[in-house]
>>> print(open('run-v9.cif').read())   # mmCIF, C-alpha atoms
data_entry
loop_
_atom_site.group_PDB
_atom_site.id
_atom_site.type_symbol
_atom_site.label_atom_id
_atom_site.label_comp_id
_atom_site.auth_asym_id
_atom_site.auth_seq_id
_atom_site.Cartn_x
_atom_site.Cartn_y
_atom_site.Cartn_z
ATOM 1 C CA ASN X 1 76.977 92.916 116.250
ATOM 2 C CA PRO X 2 80.484 91.441 116.659
ATOM 3 C CA ARG X 3 80.555 92.113 120.420
ATOM 4 C CA PRO X 4 78.860 89.612 122.742
ATOM 5 C CA THR X 5 76.361 90.715 125.345
ATOM 6 C CA ARG X 6 77.224 90.568 129.042
ATOM 7 C CA ALA X 7 74.867 87.578 129.398
ATOM 8 C CA GLU X 8 76.638 85.688 126.593
ATOM 9 C CA CYS X 9 80.034 86.350 128.203
ATOM 10 C CA ALA X 10 78.715 85.214 131.590
ATOM 11 C CA ASP X 11 77.256 82.032 130.060
ATOM 12 C CA VAL X 12 80.619 81.050 128.556
ATOM 13 C CA ALA X 13 82.588 81.933 131.692
ATOM 14 C CA ASN X 14 80.164 80.059 133.966
ATOM 15 C CA ALA X 15 80.262 76.980 131.746
ATOM 16 C CA VAL X 16 84.060 76.914 132.040
ATOM 17 C CA ILE X 17 84.058 77.539 135.789
ATOM 18 C CA ASP X 18 81.407 74.843 136.271
ATOM 19 C CA GLY X 19 83.782 72.326 134.681
ATOM 20 C CA SER X 20 82.582 71.936 131.116
ATOM 21 C CA ASP X 21 85.056 70.109 128.917
ATOM 22 C CA ALA X 22 84.055 72.151 125.879
ATOM 23 C CA VAL X 23 81.924 75.081 124.810
ATOM 24 C CA MET X 24 80.462 75.665 121.375
ATOM 25 C CA LEU X 25 78.745 78.354 119.393
ATOM 26 C CA SER X 26 75.005 78.271 118.878
ATOM 27 C CA GLY X 27 73.847 77.665 115.326
ATOM 28 C CA GLU X 28 72.727 81.243 114.867
ATOM 29 C CA THR X 29 76.097 82.618 116.018
ATOM 30 C CA ALA X 30 78.098 80.138 113.942
ATOM 31 C CA ASN X 31 76.056 81.054 110.860
ATOM 32 C CA GLY X 32 76.068 84.772 111.642
ATOM 33 C CA GLU X 33 78.149 87.532 110.097
ATOM 34 C CA TYR X 34 81.073 87.229 112.567
ATOM 35 C CA PRO X 35 81.775 83.528 113.265
ATOM 36 C CA ASN X 36 85.580 83.961 113.454
ATOM 37 C CA ASP X 37 85.277 86.893 115.846
ATOM 38 C CA ALA X 38 82.828 84.894 117.958
ATOM 39 C CA VAL X 39 85.241 81.947 118.227
ATOM 40 C CA SER X 40 88.127 84.272 119.143
ATOM 41 C CA MET X 41 86.043 86.011 121.802
ATOM 42 C CA MET X 42 84.817 82.677 123.210
ATOM 43 C CA ALA X 43 88.418 81.426 123.432
ATOM 44 C CA SER X 44 89.482 84.622 125.206
ATOM 45 C CA ILE X 45 86.620 84.402 127.709
ATOM 46 C CA SER X 46 87.379 80.709 128.314
ATOM 47 C CA GLN X 47 91.063 81.388 128.981
ATOM 48 C CA GLN X 48 90.242 84.186 131.410
ATOM 49 C CA ALA X 49 87.703 82.018 133.228
ATOM 50 C CA GLU X 50 90.146 79.082 133.428
ATOM 51 C CA SER X 51 92.730 81.315 135.075
ATOM 52 C CA THR X 52 90.404 81.693 138.086
ATOM 53 C CA ILE X 53 89.936 77.960 138.722
ATOM 54 C CA ASN X 54 91.553 76.310 141.759
ATOM 55 C CA TYR X 55 92.229 72.914 140.173
ATOM 56 C CA ASP X 56 93.509 71.322 143.393
ATOM 57 C CA ALA X 57 90.244 72.141 145.204
ATOM 58 C CA GLN X 58 88.218 71.046 142.185
ATOM 59 C CA ASN X 59 90.086 67.718 142.179
ATOM 60 C CA GLU X 60 89.359 67.165 145.869
ATOM 61 C CA ASN X 61 85.666 67.948 145.364
ATOM 62 C CA ILE X 62 85.331 65.514 142.463
ATOM 63 C CA ARG X 63 87.188 62.778 144.348
ATOM 64 C CA HIS X 64 85.094 63.310 147.501
ATOM 65 C CA TYR X 65 81.826 63.269 145.549
ATOM 66 C CA THR X 66 82.799 60.136 143.590
ATOM 67 C CA LEU X 67 83.780 58.252 146.748
ATOM 68 C CA LYS X 68 80.624 59.382 148.533
ATOM 69 C CA LYS X 69 78.418 58.284 145.650
ATOM 70 C CA PHE X 70 80.088 54.925 144.863
ATOM 71 C CA GLY X 71 81.859 54.041 148.124
ATOM 72 C CA SER X 72 85.095 53.112 146.375
ATOM 73 C CA LEU X 73 86.891 53.466 143.085
ATOM 74 C CA LEU X 74 87.748 50.763 140.582
ATOM 75 C CA PRO X 75 91.525 50.186 140.455
ATOM 76 C CA TYR X 76 92.067 51.975 137.137
ATOM 77 C CA GLU X 77 90.055 55.008 138.301
ATOM 78 C CA SER X 78 92.012 55.067 141.547
ATOM 79 C CA ILE X 79 95.241 55.142 139.504
ATOM 80 C CA ALA X 80 93.870 58.018 137.376
ATOM 81 C CA SER X 81 92.775 59.972 140.457
ATOM 82 C CA SER X 82 96.124 59.325 142.146
ATOM 83 C CA ALA X 83 97.969 60.484 139.030
ATOM 84 C CA VAL X 84 96.246 63.846 139.230
ATOM 85 C CA LYS X 85 96.898 64.158 142.973
ATOM 86 C CA THR X 86 100.540 63.237 142.382
ATOM 87 C CA SER X 87 100.790 65.849 139.617
ATOM 88 C CA PHE X 88 99.745 68.507 142.148
ATOM 89 C CA ASP X 89 102.093 67.163 144.820
ATOM 90 C CA VAL X 90 105.213 67.095 142.606
ATOM 91 C CA LYS X 91 104.176 70.111 140.509
ATOM 92 C CA ALA X 92 104.389 68.002 137.351
ATOM 93 C CA ASP X 93 104.581 69.717 134.005
ATOM 94 C CA LEU X 94 102.713 66.917 132.222
ATOM 95 C CA ILE X 95 100.602 63.813 132.752
ATOM 96 C CA LEU X 96 101.459 61.218 130.105
ATOM 97 C CA VAL X 97 98.866 58.474 129.620
ATOM 98 C CA LEU X 98 99.266 55.352 127.506
ATOM 99 C CA THR X 99 95.758 54.299 126.479
ATOM 100 C CA THR X 100 94.064 51.990 124.013
ATOM 101 C CA SER X 101 90.420 52.946 124.429
ATOM 102 C CA GLY X 102 90.917 56.471 125.783
ATOM 103 C CA ASN X 103 89.221 55.567 129.070
ATOM 104 C CA THR X 104 92.279 56.220 131.235
ATOM 105 C CA ALA X 105 92.793 59.640 129.641
ATOM 106 C CA ARG X 106 89.100 60.402 130.204
ATOM 107 C CA LEU X 107 89.387 59.443 133.878
ATOM 108 C CA VAL X 108 92.535 61.528 134.366
ATOM 109 C CA SER X 109 90.757 64.490 132.772
ATOM 110 C CA LYS X 110 87.734 63.892 135.031
ATOM 111 C CA TYR X 111 89.859 64.714 138.085
ATOM 112 C CA ARG X 112 90.845 68.094 136.580
ATOM 113 C CA PRO X 113 94.624 68.323 136.689
ATOM 114 C CA SER X 114 96.257 71.688 136.159
ATOM 115 C CA ALA X 115 99.024 69.949 134.196
ATOM 116 C CA PRO X 116 98.237 69.187 130.564
ATOM 117 C CA ILE X 117 97.494 65.599 129.555
ATOM 118 C CA ILE X 118 99.102 63.894 126.583
ATOM 119 C CA ALA X 119 97.593 60.551 125.667
ATOM 120 C CA VAL X 120 99.641 58.105 123.628
ATOM 121 C CA THR X 121 97.428 55.688 121.716
ATOM 122 C CA THR X 122 97.547 53.333 118.763
ATOM 123 C CA SER X 123 94.129 54.454 117.490
ATOM 124 C CA LEU X 124 93.522 57.563 115.391
ATOM 125 C CA SER X 125 89.822 57.652 116.318
ATOM 126 C CA VAL X 126 90.678 57.520 120.045
ATOM 127 C CA ALA X 127 93.241 60.306 119.555
ATOM 128 C CA ASN X 128 90.633 62.458 117.788
ATOM 129 C CA GLN X 129 88.115 61.913 120.605
ATOM 130 C CA ILE X 130 90.680 62.807 123.264
ATOM 131 C CA HIS X 131 91.879 65.898 121.438
ATOM 132 C CA GLY X 132 88.400 67.175 120.694
ATOM 133 C CA LEU X 133 86.513 66.305 123.858
ATOM 134 C CA LEU X 134 88.722 66.096 126.943
ATOM 135 C CA LYS X 135 89.674 69.171 128.906
ATOM 136 C CA ASN X 136 93.365 70.092 128.780
ATOM 137 C CA ALA X 137 94.211 66.977 126.765
ATOM 138 C CA THR X 138 95.738 66.149 123.438
ATOM 139 C CA ALA X 139 96.904 62.897 121.915
ATOM 140 C CA THR X 140 99.486 61.378 119.637
ATOM 141 C CA VAL X 141 99.223 58.130 117.687
ATOM 142 C CA VAL X 142 102.012 55.561 117.725
ATOM 143 C CA SER X 143 102.534 52.213 116.064
ATOM 144 C CA SER X 144 101.246 49.193 117.957
ATOM 145 C CA SER X 145 104.630 47.554 117.340
ATOM 146 C CA LEU X 146 106.426 49.955 119.710
ATOM 147 C CA THR X 147 107.594 48.718 123.096
ATOM 148 C CA LEU X 148 106.400 50.344 126.307
ATOM 149 C CA ASP X 149 109.605 52.405 126.605
ATOM 150 C CA GLU X 150 109.431 53.467 122.950
ATOM 151 C CA SER X 151 105.806 54.576 123.400
ATOM 152 C CA VAL X 152 106.730 56.587 126.501
ATOM 153 C CA ASN X 153 109.627 58.201 124.626
ATOM 154 C CA ALA X 154 107.302 59.041 121.723
ATOM 155 C CA GLY X 155 104.943 60.783 124.156
ATOM 156 C CA ILE X 156 107.815 62.706 125.730
ATOM 157 C CA GLU X 157 109.101 63.806 122.331
ATOM 158 C CA PHE X 158 105.576 64.888 121.371
ATOM 159 C CA GLY X 159 105.366 66.913 124.591
ATOM 160 C CA LYS X 160 108.704 68.566 123.832
ATOM 161 C CA SER X 161 107.612 69.369 120.276
ATOM 162 C CA LYS X 162 104.486 71.071 121.637
ATOM 163 C CA GLY X 163 106.539 73.092 124.151
ATOM 164 C CA VAL X 164 104.814 71.459 127.126
ATOM 165 C CA ILE X 165 107.973 69.934 128.622
ATOM 166 C CA LYS X 166 111.737 70.289 128.359
ATOM 167 C CA SER X 167 114.785 68.715 129.959
ATOM 168 C CA GLY X 168 114.312 68.619 133.722
ATOM 169 C CA SER X 169 110.501 68.580 133.560
ATOM 170 C CA SER X 170 108.578 66.272 135.893
ATOM 171 C CA VAL X 171 106.127 63.946 134.181
ATOM 172 C CA VAL X 172 103.504 61.723 135.791
ATOM 173 C CA LEU X 173 103.204 58.561 133.717
ATOM 174 C CA VAL X 174 100.133 56.299 133.755
ATOM 175 C CA HIS X 175 99.991 52.992 131.882
ATOM 176 C CA GLY X 176 99.125 49.321 132.050
ATOM 177 C CA GLY X 177 101.560 46.533 132.696
ATOM 178 C CA GLU X 178 101.381 45.414 129.105
ATOM 179 C CA GLY X 179 101.349 48.918 127.638
ATOM 180 C CA PHE X 180 98.313 48.976 125.337
ATOM 181 C CA THR X 181 95.959 46.381 126.811
ATOM 182 C CA VAL X 182 92.426 47.589 127.508
ATOM 183 C CA GLY X 183 91.604 47.626 131.219
ATOM 184 C CA SER X 184 95.165 46.986 132.400
ATOM 185 C CA THR X 185 95.964 50.437 133.836
ATOM 186 C CA ASN X 186 97.842 49.767 137.050
ATOM 187 C CA TYR X 187 101.110 51.718 136.889
ATOM 188 C CA LEU X 188 101.808 55.231 138.077
ATOM 189 C CA ARG X 189 105.329 56.637 137.913
ATOM 190 C CA VAL X 190 106.974 60.026 138.168
ATOM 191 C CA ILE X 191 109.831 60.559 135.750
ATOM 192 C CA VAL X 192 112.142 63.479 135.115
ATOM 193 C CA VAL X 193 112.808 64.186 131.459
#
>>> encode(input="run-v9.cif", output="structure tokens")
Amino acid sequence: NPRPTRAECADVANAVIDGSDAVMLSGETANGEYPNDAVSMMASISQQAESTINYDAQNENIRHYTLKKFGSLLPYESIASSAVKTSFDVKADLILVLTTSGNTARLVSKYRPSAPIIAVTTSLSVANQIHGLLKNATATVVSSSLTLDESVNAGIEFGKSKGVIKSGSSVVLVHGGEGFTVGSTNYLRVIVV
């Protein structure tokens, strides 16, 4: 049957509302007679469920729980958390993250921004992991020979090409002092495109 049961719809919707980064088809559904219809229906259910999420409240809950559990945040996680809070405060259209290992993008995604995340990286494998696994995130790969400003501009142009931002958009930018050095995330800026 190409139509999902109420329980299957509820399972997908609850997974999204509970904060899952991704949902997938079971083996039997993926190998069934209607795999394309199943993917389309799952995407539709996911989009409807996402429209009910209060991302600002979700961010506060995650931040509160993390601080309660660990007592404090490491500097780079504090920057990631602050980037998401800033994106809510300034109603940013995008969070742009320069990352080598993908860890900063993962931490930004952890705090559940409503603004999309674009990660700029020099590694194709990191870009694939970000694009496939992090909620509301995609990535673009740039040459390691680019300067910090050139990498930022590449991310902005990528965002424009995807229709995420345009002239006048607010962008929260997160990066390290040296651009693409692992563990150096310590800069948070708001820029207007």
>>> residues_around(input="run-v9.cif", residues="stretch 90-105 of chain X", least_positions_apart="4", cutoff="7 Å", atoms="all atoms listed in the file", output="NGL selection string")
:X and (80 or 86 or 109 or 115-123 or 126 or 130 or 155 or 165 or 169-175 or 179-182)
>>> resolve_selection(input="run-v9.cif", expression="the PyMOL selection byres ((chain X and resi 62) around 12)", output="PDB file with C-alpha atoms, in the frame of the given file")
ATOM      1  CA  ASP X  18      81.407  74.843 136.271  1.00  0.00           C
ATOM      2  CA  GLY X  19      83.782  72.326 134.681  1.00  0.00           C
ATOM      3  CA  TYR X  55      92.229  72.914 140.173  1.00  0.00           C
ATOM      4  CA  ASP X  56      93.509  71.322 143.393  1.00  0.00           C
ATOM      5  CA  ALA X  57      90.244  72.141 145.204  1.00  0.00           C
ATOM      6  CA  GLN X  58      88.218  71.046 142.185  1.00  0.00           C
ATOM      7  CA  ASN X  59      90.086  67.718 142.179  1.00  0.00           C
ATOM      8  CA  GLU X  60      89.359  67.165 145.869  1.00  0.00           C
ATOM      9  CA  ASN X  61      85.666  67.948 145.364  1.00  0.00           C
ATOM     10  CA  ARG X  63      87.188  62.778 144.348  1.00  0.00           C
ATOM     11  CA  HIS X  64      85.094  63.310 147.501  1.00  0.00           C
ATOM     12  CA  TYR X  65      81.826  63.269 145.549  1.00  0.00           C
ATOM     13  CA  THR X  66      82.799  60.136 143.590  1.00  0.00           C
ATOM     14  CA  LEU X  67      83.780  58.252 146.748  1.00  0.00           C
ATOM     15  CA  LYS X  68      80.624  59.382 148.533  1.00  0.00           C
ATOM     16  CA  LYS X  69      78.418  58.284 145.650  1.00  0.00           C
ATOM     17  CA  SER X  81      92.775  59.972 140.457  1.00  0.00           C
ATOM     18  CA  VAL X  84      96.246  63.846 139.230  1.00  0.00           C
ATOM     19  CA  LYS X  85      96.898  64.158 142.973  1.00  0.00           C
ATOM     20  CA  LEU X 107      89.387  59.443 133.878  1.00  0.00           C
ATOM     21  CA  VAL X 108      92.535  61.528 134.366  1.00  0.00           C
ATOM     22  CA  SER X 109      90.757  64.490 132.772  1.00  0.00           C
ATOM     23  CA  LYS X 110      87.734  63.892 135.031  1.00  0.00           C
ATOM     24  CA  TYR X 111      89.859  64.714 138.085  1.00  0.00           C
ATOM     25  CA  ARG X 112      90.845  68.094 136.580  1.00  0.00           C
ATOM     26  CA  PRO X 113      94.624  68.323 136.689  1.00  0.00           C
TER      27      PRO X 113
END
>>> closest_residue(input="run-v9.cif", among="X:Ala137, X:Ser145, X:Ser78, X:Arg3", to="X:Glu33", atoms="only C-alpha atoms")
X:Arg3
>>> closest_residue(input="run-v9.cif", among="X:Ser20, X:Asn14, X:Ser46, X:Ser82", to="X:Arg189", atoms="all atoms listed in the file")
X:Ser82
>>> atom_distance(input="run-v9.cif", atom1="atom CA of X:Tyr76", atom2="atom CA of X:Gly159")
23.6 Å
>>> resolve_selection(input="run-v9.cif", expression="the PyMOL selection byres ((chain X and resi 168) around 6)", output="PyMOL selection string")
chain X and resi 167+169+192-193
